[in-house]
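Listing of coords.txt; format and content: compact mmCIF, C-alpha atoms and all ligand atoms.
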```txt
# COMPACT_ATOMS: atom_id res chain seq x y z
CA MET A 175 20.95 12.63 -44.75
CA LYS A 176 19.57 12.40 -41.24
CA SER A 177 22.20 12.96 -38.62
CA THR A 178 23.23 10.36 -36.09
CA LEU A 179 24.71 11.11 -32.71
CA ARG A 180 28.02 9.40 -31.94
CA LEU A 181 28.63 8.61 -28.28
CA ALA A 182 31.87 7.20 -26.84
CA LEU A 183 31.68 4.91 -23.79
CA GLN A 184 34.39 3.06 -21.89
CA LYS A 185 34.83 -0.35 -23.48
CA SER A 186 35.57 -2.33 -20.37
CA GLY A 187 36.20 -0.94 -16.94
CA ARG A 188 34.59 0.70 -13.96
CA LEU A 189 32.37 3.04 -15.97
CA SER A 190 31.19 0.56 -18.60
CA ASP A 191 28.17 -1.02 -16.90
CA SER A 192 26.83 2.19 -15.37
CA SER A 193 27.23 4.08 -18.65
CA ALA A 194 25.38 1.39 -20.62
CA ARG A 195 22.66 1.21 -17.94
CA LEU A 196 22.13 4.97 -18.11
CA ILE A 197 21.62 4.85 -21.89
CA GLU A 198 19.22 1.89 -21.49
CA GLU A 199 17.28 3.77 -18.80
CA CYS A 200 16.95 6.64 -21.27
CA GLY A 201 14.87 4.16 -23.27
CA ILE A 202 17.58 3.63 -25.87
CA HIS A 203 18.21 -0.01 -26.68
CA PHE A 204 21.31 -1.46 -28.26
CA ASN A 205 22.95 -4.86 -28.62
CA HIS A 206 26.57 -4.76 -27.72
CA HIS A 207 28.80 -7.74 -28.34
CA ASN A 208 32.01 -7.48 -26.40
CA ALA A 209 34.36 -7.84 -29.32
CA LYS A 210 32.73 -4.99 -31.25
CA LEU A 211 34.11 -1.49 -31.31
CA LYS A 212 30.81 0.11 -32.15
CA CYS A 213 27.10 -0.57 -32.31
CA THR A 214 23.98 1.21 -33.48
CA ALA A 215 21.03 1.92 -31.20
CA LEU A 216 17.78 0.29 -32.24
CA ASN A 217 15.36 3.12 -31.47
CA PHE A 218 17.34 6.39 -31.42
CA PRO A 219 19.69 7.88 -34.03
CA LEU A 220 22.74 6.96 -31.99
CA GLU A 221 25.98 5.15 -32.67
CA ILE A 222 27.99 4.00 -29.66
CA PHE A 223 31.78 3.62 -29.78
CA PHE A 224 33.50 1.53 -27.15
CA LEU A 225 36.95 2.91 -26.32
CA ARG A 226 39.59 3.11 -23.61
CA ASP A 227 38.58 5.84 -21.19
CA ASP A 228 41.86 7.73 -21.69
CA ASP A 229 41.11 8.08 -25.41
CA ILE A 230 37.59 9.46 -25.00
CA PRO A 231 38.38 13.17 -24.41
CA GLY A 232 40.70 13.23 -27.43
CA TYR A 233 38.23 11.49 -29.74
CA VAL A 234 35.47 13.87 -28.67
CA ALA A 235 37.72 16.93 -29.09
CA ASP A 236 38.74 15.72 -32.57
CA GLY A 237 35.12 15.18 -33.60
CA VAL A 238 35.38 11.40 -34.01
CA ALA A 239 32.56 11.27 -31.44
CA ASP A 240 30.05 14.02 -30.58
CA LEU A 241 29.61 12.95 -26.98
CA GLY A 242 31.43 10.86 -24.42
CA ILE A 243 30.98 9.50 -20.93
CA VAL A 244 34.20 9.59 -18.94
CA GLY A 245 35.54 10.42 -15.48
CA GLU A 246 36.15 14.10 -14.65
CA ASN A 247 39.64 13.01 -13.58
CA VAL A 248 40.44 11.99 -17.17
CA VAL A 249 38.77 15.09 -18.64
CA ARG A 250 40.82 17.37 -16.39
CA GLU A 251 44.08 15.47 -16.93
CA LYS A 252 43.79 15.48 -20.74
CA LYS A 253 42.88 19.17 -21.03
CA ALA A 254 41.03 18.48 -24.29
CA SER A 255 38.80 21.23 -25.67
CA ILE A 256 35.50 19.65 -24.81
CA GLU A 257 32.51 20.83 -22.85
CA THR A 258 31.12 19.10 -19.75
CA LEU A 259 27.32 18.91 -20.12
CA GLU A 260 26.16 16.82 -17.15
CA ARG A 261 27.51 15.25 -13.99
CA LEU A 262 26.18 11.71 -13.94
CA GLY A 263 26.41 10.68 -10.28
CA PHE A 264 28.34 7.43 -10.75
CA GLY A 265 32.05 6.51 -10.92
CA ARG A 266 32.68 8.65 -7.87
CA CYS A 267 36.26 8.72 -6.69
CA ARG A 268 38.97 11.18 -5.71
CA LEU A 269 42.50 11.77 -6.89
CA SER A 270 44.66 11.70 -3.79
CA ILE A 271 48.23 11.68 -2.64
CA ALA A 272 49.15 8.76 -0.39
CA VAL A 273 52.33 7.92 1.50
CA PRO A 274 53.55 4.78 3.32
CA ARG A 275 51.88 4.34 6.72
CA GLY A 276 55.14 4.95 8.58
CA PHE A 277 55.79 8.30 6.81
CA GLU A 278 55.42 11.13 9.33
CA TYR A 279 53.40 13.46 7.16
CA SER A 280 52.33 16.87 8.34
CA SER A 281 52.02 18.98 5.18
CA LEU A 282 52.60 18.90 1.44
CA SER A 283 56.04 20.44 1.86
CA ASP A 284 57.14 17.08 3.34
CA LEU A 285 57.13 15.83 -0.28
CA GLU A 286 59.70 18.45 -1.37
CA GLY A 287 62.38 16.73 -3.45
CA LEU A 288 60.79 13.27 -3.14
CA ASP A 289 59.63 10.88 -5.89
CA VAL A 290 55.88 10.64 -6.54
CA ALA A 291 54.44 8.00 -8.90
CA THR A 292 51.23 8.78 -10.79
CA SER A 293 49.21 8.32 -13.97
CA TYR A 294 48.02 11.92 -13.56
CA PRO A 295 51.18 13.98 -14.12
CA SER A 296 49.36 17.06 -15.32
CA LEU A 297 46.93 17.33 -12.39
CA LEU A 298 49.66 16.51 -9.89
CA THR A 299 52.06 19.09 -11.36
CA GLU A 300 49.34 21.73 -11.27
CA TYR A 301 48.57 20.93 -7.64
CA LEU A 302 52.20 20.91 -6.49
CA ASP A 303 52.90 24.15 -8.39
CA SER A 304 49.89 25.83 -6.82
CA LYS A 305 51.30 24.98 -3.38
CA GLY A 306 54.88 25.87 -4.31
CA VAL A 307 56.22 22.35 -3.71
CA LYS A 308 58.77 20.72 -6.03
CA ALA A 309 58.78 16.93 -6.30
CA GLU A 310 60.00 14.43 -8.87
CA ILE A 311 57.04 13.03 -10.81
CA HIS A 312 57.28 9.48 -12.20
CA VAL A 313 54.64 8.72 -14.78
CA ILE A 314 53.35 5.17 -14.64
CA SER A 315 50.36 3.75 -16.46
CA GLY A 316 48.64 1.84 -13.66
CA SER A 317 48.86 0.33 -10.17
CA ALA A 318 50.61 3.34 -8.68
CA GLU A 319 49.88 1.94 -5.22
CA LEU A 320 52.64 -0.65 -5.69
CA ALA A 321 55.35 1.94 -6.41
CA PRO A 322 56.50 2.64 -2.82
CA SER A 323 56.76 -1.03 -1.85
CA ILE A 324 59.04 -1.78 -4.81
CA GLY A 325 61.15 1.29 -4.14
CA LEU A 326 60.02 3.18 -7.23
CA ALA A 327 58.64 6.18 -5.36
CA ASP A 328 58.23 7.74 -1.91
CA ALA A 329 54.58 8.61 -2.47
CA VAL A 330 51.79 8.06 -5.00
CA CYS A 331 49.03 10.15 -6.50
CA ASP A 332 46.18 7.89 -7.55
CA LEU A 333 42.41 7.39 -7.65
CA VAL A 334 40.77 6.29 -4.43
CA SER A 335 37.16 5.33 -3.74
CA THR A 336 36.95 3.37 -0.50
CA GLY A 337 40.63 3.54 0.34
CA SER A 338 40.88 -0.22 0.83
CA THR A 339 43.46 -0.65 -1.96
CA LEU A 340 45.69 1.95 -0.33
CA LEU A 341 45.24 0.31 3.05
CA SER A 342 46.13 -3.15 1.81
CA ASN A 343 49.29 -1.73 0.23
CA GLY A 344 50.39 -0.11 3.48
CA LEU A 345 49.59 3.43 2.35
CA LYS A 346 47.64 6.32 3.92
CA GLU A 347 45.83 9.09 2.09
CA VAL A 348 47.17 12.54 2.97
CA GLU A 349 45.87 15.04 0.37
CA THR A 350 42.89 15.13 -1.99
CA ILE A 351 43.58 16.86 -5.28
CA LEU A 352 40.26 16.36 -7.06
CA GLU A 353 36.78 14.91 -6.39
CA SER A 354 35.55 13.12 -9.49
CA GLN A 355 32.52 11.42 -11.02
CA ALA A 356 31.47 10.36 -14.51
CA VAL A 357 30.41 13.22 -16.78
CA LEU A 358 28.80 13.62 -20.19
CA VAL A 359 31.11 15.61 -22.45
CA ALA A 360 30.52 17.10 -25.90
CA ARG A 361 32.66 18.40 -28.72
CA PRO A 362 32.39 22.09 -29.53
CA GLY A 363 30.70 23.25 -32.74
CA LEU A 364 27.85 20.76 -33.09
CA SER A 365 25.55 21.28 -36.05
CA GLU A 366 22.02 22.44 -35.29
CA GLU A 367 20.62 19.00 -36.07
CA THR A 368 23.14 17.19 -33.89
CA GLN A 369 22.60 19.72 -31.11
CA SER A 370 18.90 18.96 -31.12
CA LEU A 371 19.64 15.22 -30.69
CA VAL A 372 22.04 16.07 -27.86
CA ASP A 373 19.27 18.12 -26.22
CA GLN A 374 16.86 15.17 -26.48
CA LEU A 375 19.40 12.82 -24.91
CA ARG A 376 20.23 15.32 -22.15
CA PHE A 377 16.56 15.75 -21.34
CA ARG A 378 16.27 11.99 -20.87
CA ILE A 379 19.49 11.76 -18.84
CA LYS A 380 18.25 14.52 -16.53
CA SER A 381 14.92 12.73 -16.03
CA VAL A 382 16.70 9.50 -15.17
CA GLY A 383 19.16 11.27 -12.84
CA ARG A 384 16.38 13.12 -11.04
CA ALA A 385 14.38 9.91 -10.66
CA ARG A 386 17.39 8.15 -9.14
CA SER A 387 17.67 10.72 -6.38
CA TYR A 388 13.96 10.54 -5.52
CA LYS A 389 11.66 7.92 -3.98
CA TYR A 390 7.93 7.59 -4.33
CA ILE A 391 6.32 7.45 -0.91
CA LEU A 392 2.82 6.30 0.13
CA LEU A 393 1.47 6.45 3.66
CA ASN A 394 -1.74 6.42 5.63
CA VAL A 395 -2.61 9.36 7.84
CA PRO A 396 -5.57 10.34 10.02
CA ASN A 397 -7.44 13.14 8.20
CA GLU A 398 -6.59 15.73 10.85
CA SER A 399 -2.87 15.21 10.02
CA ILE A 400 -3.17 15.75 6.25
CA GLU A 401 -2.14 19.39 6.48
CA THR A 402 0.91 18.72 8.64
CA VAL A 403 1.97 15.80 6.43
CA SER A 404 1.53 17.90 3.27
CA ARG A 405 3.90 20.45 4.71
CA ILE A 406 6.50 17.75 5.40
CA LEU A 407 5.99 16.19 1.95
CA PRO A 408 5.55 18.99 -0.58
CA GLY A 409 6.22 16.66 -3.56
CA MET A 410 6.46 17.98 -7.11
CA LYS A 411 3.46 20.30 -6.76
CA SER A 412 1.53 19.04 -3.78
CA PRO A 413 0.89 15.52 -2.50
CA THR A 414 -1.98 13.35 -3.78
CA VAL A 415 -4.54 12.64 -1.07
CA MET A 416 -7.06 9.81 -1.44
CA PRO A 417 -9.63 8.57 1.04
CA LEU A 418 -9.15 5.10 2.56
CA ALA A 419 -12.09 2.70 2.78
CA ILE A 420 -12.30 3.34 6.52
CA ASP A 421 -13.59 6.67 7.80
CA GLY A 422 -11.24 9.36 9.03
CA TRP A 423 -8.13 8.12 7.19
CA SER A 424 -6.44 9.03 3.91
CA SER A 425 -3.62 7.75 1.79
CA VAL A 426 -1.01 10.39 0.92
CA HIS A 427 1.32 9.94 -2.08
CA SER A 428 4.36 12.07 -2.83
CA VAL A 429 8.05 12.01 -3.76
CA VAL A 430 10.99 12.59 -1.44
CA GLN A 431 14.65 13.11 -2.03
CA GLU A 432 16.52 9.99 -1.02
CA ASP A 433 19.08 11.79 1.14
CA GLU A 434 16.32 13.49 3.16
CA PHE A 435 14.36 10.29 3.56
CA TRP A 436 15.22 9.28 7.14
CA VAL A 437 14.77 12.79 8.51
CA ILE A 438 11.37 13.01 6.82
CA ILE A 439 10.27 9.58 8.02
CA ASP A 440 10.76 10.60 11.65
CA LYS A 441 8.68 13.75 11.15
CA LEU A 442 5.92 11.74 9.41
CA ARG A 443 5.73 9.22 12.21
CA ASP A 444 5.50 12.04 14.74
CA ALA A 445 2.58 13.39 12.68
CA GLY A 446 0.76 10.04 13.02
CA ALA A 447 1.61 8.45 9.65
CA GLN A 448 1.32 4.67 9.37
CA GLY A 449 1.97 1.97 6.77
CA VAL A 450 4.72 3.86 4.93
CA LEU A 451 5.67 2.35 1.55
CA VAL A 452 8.66 3.59 -0.45
CA LEU A 453 9.15 2.77 -4.13
CA PRO A 454 11.84 3.62 -6.68
CA VAL A 455 10.99 6.21 -9.33
CA GLU A 456 11.90 5.24 -12.89
CA LYS A 457 11.67 8.60 -14.68
CA MET A 458 10.90 12.08 -13.42
CA VAL A 459 9.96 14.69 -16.00
CA LEU A 460 9.42 18.27 -14.87
P1 LIG B 501 40.79 1.65 -19.61
O1 LIG B 501 41.15 0.28 -19.98
O2 LIG B 501 39.50 2.10 -20.25
O3 LIG B 501 41.92 2.64 -19.82
P2 LIG B 501 41.26 2.13 -16.77
O4 LIG B 501 41.91 0.96 -16.13
O5 LIG B 501 42.07 3.34 -17.09
O6 LIG B 501 40.46 1.62 -18.05
P3 LIG B 501 39.15 2.04 -14.75
O7 LIG B 501 39.94 1.48 -13.62
O8 LIG B 501 38.12 1.19 -15.41
O9 LIG B 501 40.10 2.69 -15.87
O10 LIG B 501 38.47 3.38 -14.22
C1 LIG B 501 37.70 4.19 -15.07
C2 LIG B 501 37.24 5.40 -14.28
O11 LIG B 501 36.44 5.00 -13.18
C3 LIG B 501 38.33 6.24 -13.64
O12 LIG B 501 38.96 7.11 -14.55
C4 LIG B 501 37.54 6.99 -12.59
O13 LIG B 501 36.88 8.10 -13.18
C5 LIG B 501 36.47 5.98 -12.16
N1 LIG B 501 36.73 5.36 -10.83
C6 LIG B 501 35.83 5.29 -9.82
N2 LIG B 501 36.34 4.70 -8.73
C7 LIG B 501 37.59 4.38 -9.01
C8 LIG B 501 38.66 3.75 -8.28
N3 LIG B 501 38.51 3.34 -7.03
N4 LIG B 501 39.81 3.55 -8.91
C9 LIG B 501 39.96 3.91 -10.20
N5 LIG B 501 39.00 4.54 -10.92
C10 LIG B 501 37.83 4.79 -10.35
ZN ZN B 502 42.31 4.25 -18.68
```

Go ahead and render the structure in this file as structure tokens.
Ligand code: ATP
Ligand code: ZN
Amino acid sequence: MKSTLRLALQKSGRLSDSSARLIEECGIHFNHHNAKLKCTALNFPLEIFFLRDDDIPGYVADGVADLGIVGENVVREKKASIETLERLGFGRCRLSIAVPRGFEYSSLSDLEGLDVATSYPSLLTEYLDSKGVKAEIHVISGSAELAPSIGLADAVCDLVSTGSTLLSNGLKEVETILESQAVLVARPGLSEETQSLVDQLRFRIKSVGRARSYKYILLNVPNESIETVSRILPGMKSPTVMPLAIDGWSSVHSVVQEDEFWVIIDKLRDAGAQGVLVLPVEKMVL
């Protein structure tokens, strides 16, 4: 029997859309109806399970699924025996300790003996232990940010992305325990055949991830600037240079890393570049 890869995604929540989009961008199509717990991909030997994010590490560790996409925060909290294969660049957040705005906080030892509400007891305990601070941990399953205002706790340890939820609940962030993003995880002990499917999927995920961090750039330069511009824009091997219809000018094509883009643009303009066009890259295979 031909093997099929089983991948667990979050059913509905912050990671659901980005996870499904990543699989689609890997060229794998599937029809998912919301009520369904699983579906089969149309053009890749892949079955997708839709689960609560908290359950994903356990299901992967137990071999119910071969792979999963879940936040590092959940992976680290659950301590399941699974392997992290790729960081996926979405679902970025941090696990932080926050206290009411009026709390005069100067260091972690200010929490000694106080009540802290969290859904991440294991990570919080580890952190407090590592700093030699003893606090009372109250495990709650969600909305930790409400705990201080209803008198349930003196502080919270919760996920933060922009910080606006904390702010609107009168809290301030004072310590970061963990920086997190979505990751691809795998169960240990995959068969050779399954491993080869995992490798194919990883290759595609890497190509999509690389493409997302790059932009395709086209610009016109006077011929005497081609060398300078090529040094600024090394591209994957070297830039493509094509003559324009008017004498003395060329079009230069290359790729640039998105986070270097504005620095590079200034250098290109100084080198005499004109008519700069920037396009998204869909896949980038090395
Ligand atoms: P489920 O019903 O699957 O248990 P949930 O309510 O536990 O869902 P979500 O709020 O959908 O989980 O968050 C899923 C993941 O998204 C988190 O574990 C975390 O990795 C990531 N995430 C990114 N930003 C945030 C944020 N601001 N708050 C919470 N989670 C975030
Ligand atoms: Zn959850």

Item to check | Distance criterion (only C-alpha atoms and all ligand atoms): nearest to ligand ZN 502 (chain B) out of A:Gly344, A:Gly265, A:Gly383, A:Gly316 | outcome: A:Gly316

Counting all atoms listed in the file, name the residues that have an atom within 8 Å of an atom of ligand ZN 502 (chain B); the answer should be given as a PDB file with C-alpha atoms, keeping the file's coordinate frame.
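Dumped to out35.pdb:
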```
ATOM      1  CA  ARG A 226      39.590   3.110 -23.610  1.00  0.00           C
ATOM      2  CA  ASP A 227      38.580   5.840 -21.190  1.00  0.00           C
ATOM      3  CA  ASP A 228      41.860   7.730 -21.690  1.00  0.00           C
ATOM      4  CA  ASP A 229      41.110   8.080 -25.410  1.00  0.00           C
TER       5      ASP A 229
END
```

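When only C-alpha atoms and all ligand atoms are used to measure the gap to ligand LIG 501 (chain B), the shortest distance among A:Val450, A:Ala360, A:Cys267, A:Leu181 belongs to A:Cys267.
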
Checklist entry - Residues at most 12 Å from Cys213 (chain A), counting only C-alpha atoms, excluding those fewer than 5 positions away in the same chain, as a ChimeraX atom specification? => result /A:179-183,185,194,203-208,219-224

Item to check | Residues within 8 Å of region 387-394 of chain A, only C-alpha atoms, excluding chain neighbours under 5 positions, as a ChimeraX atom specification | outcome: /A:423-433,447-455

Checklist outcome for this item: Nearest to Glu401 (chain A), restricted to all atoms listed in the file and choosing among A:Ile271, A:Glu367, A:Gly446, A:Ile379, comes out as A:Gly446
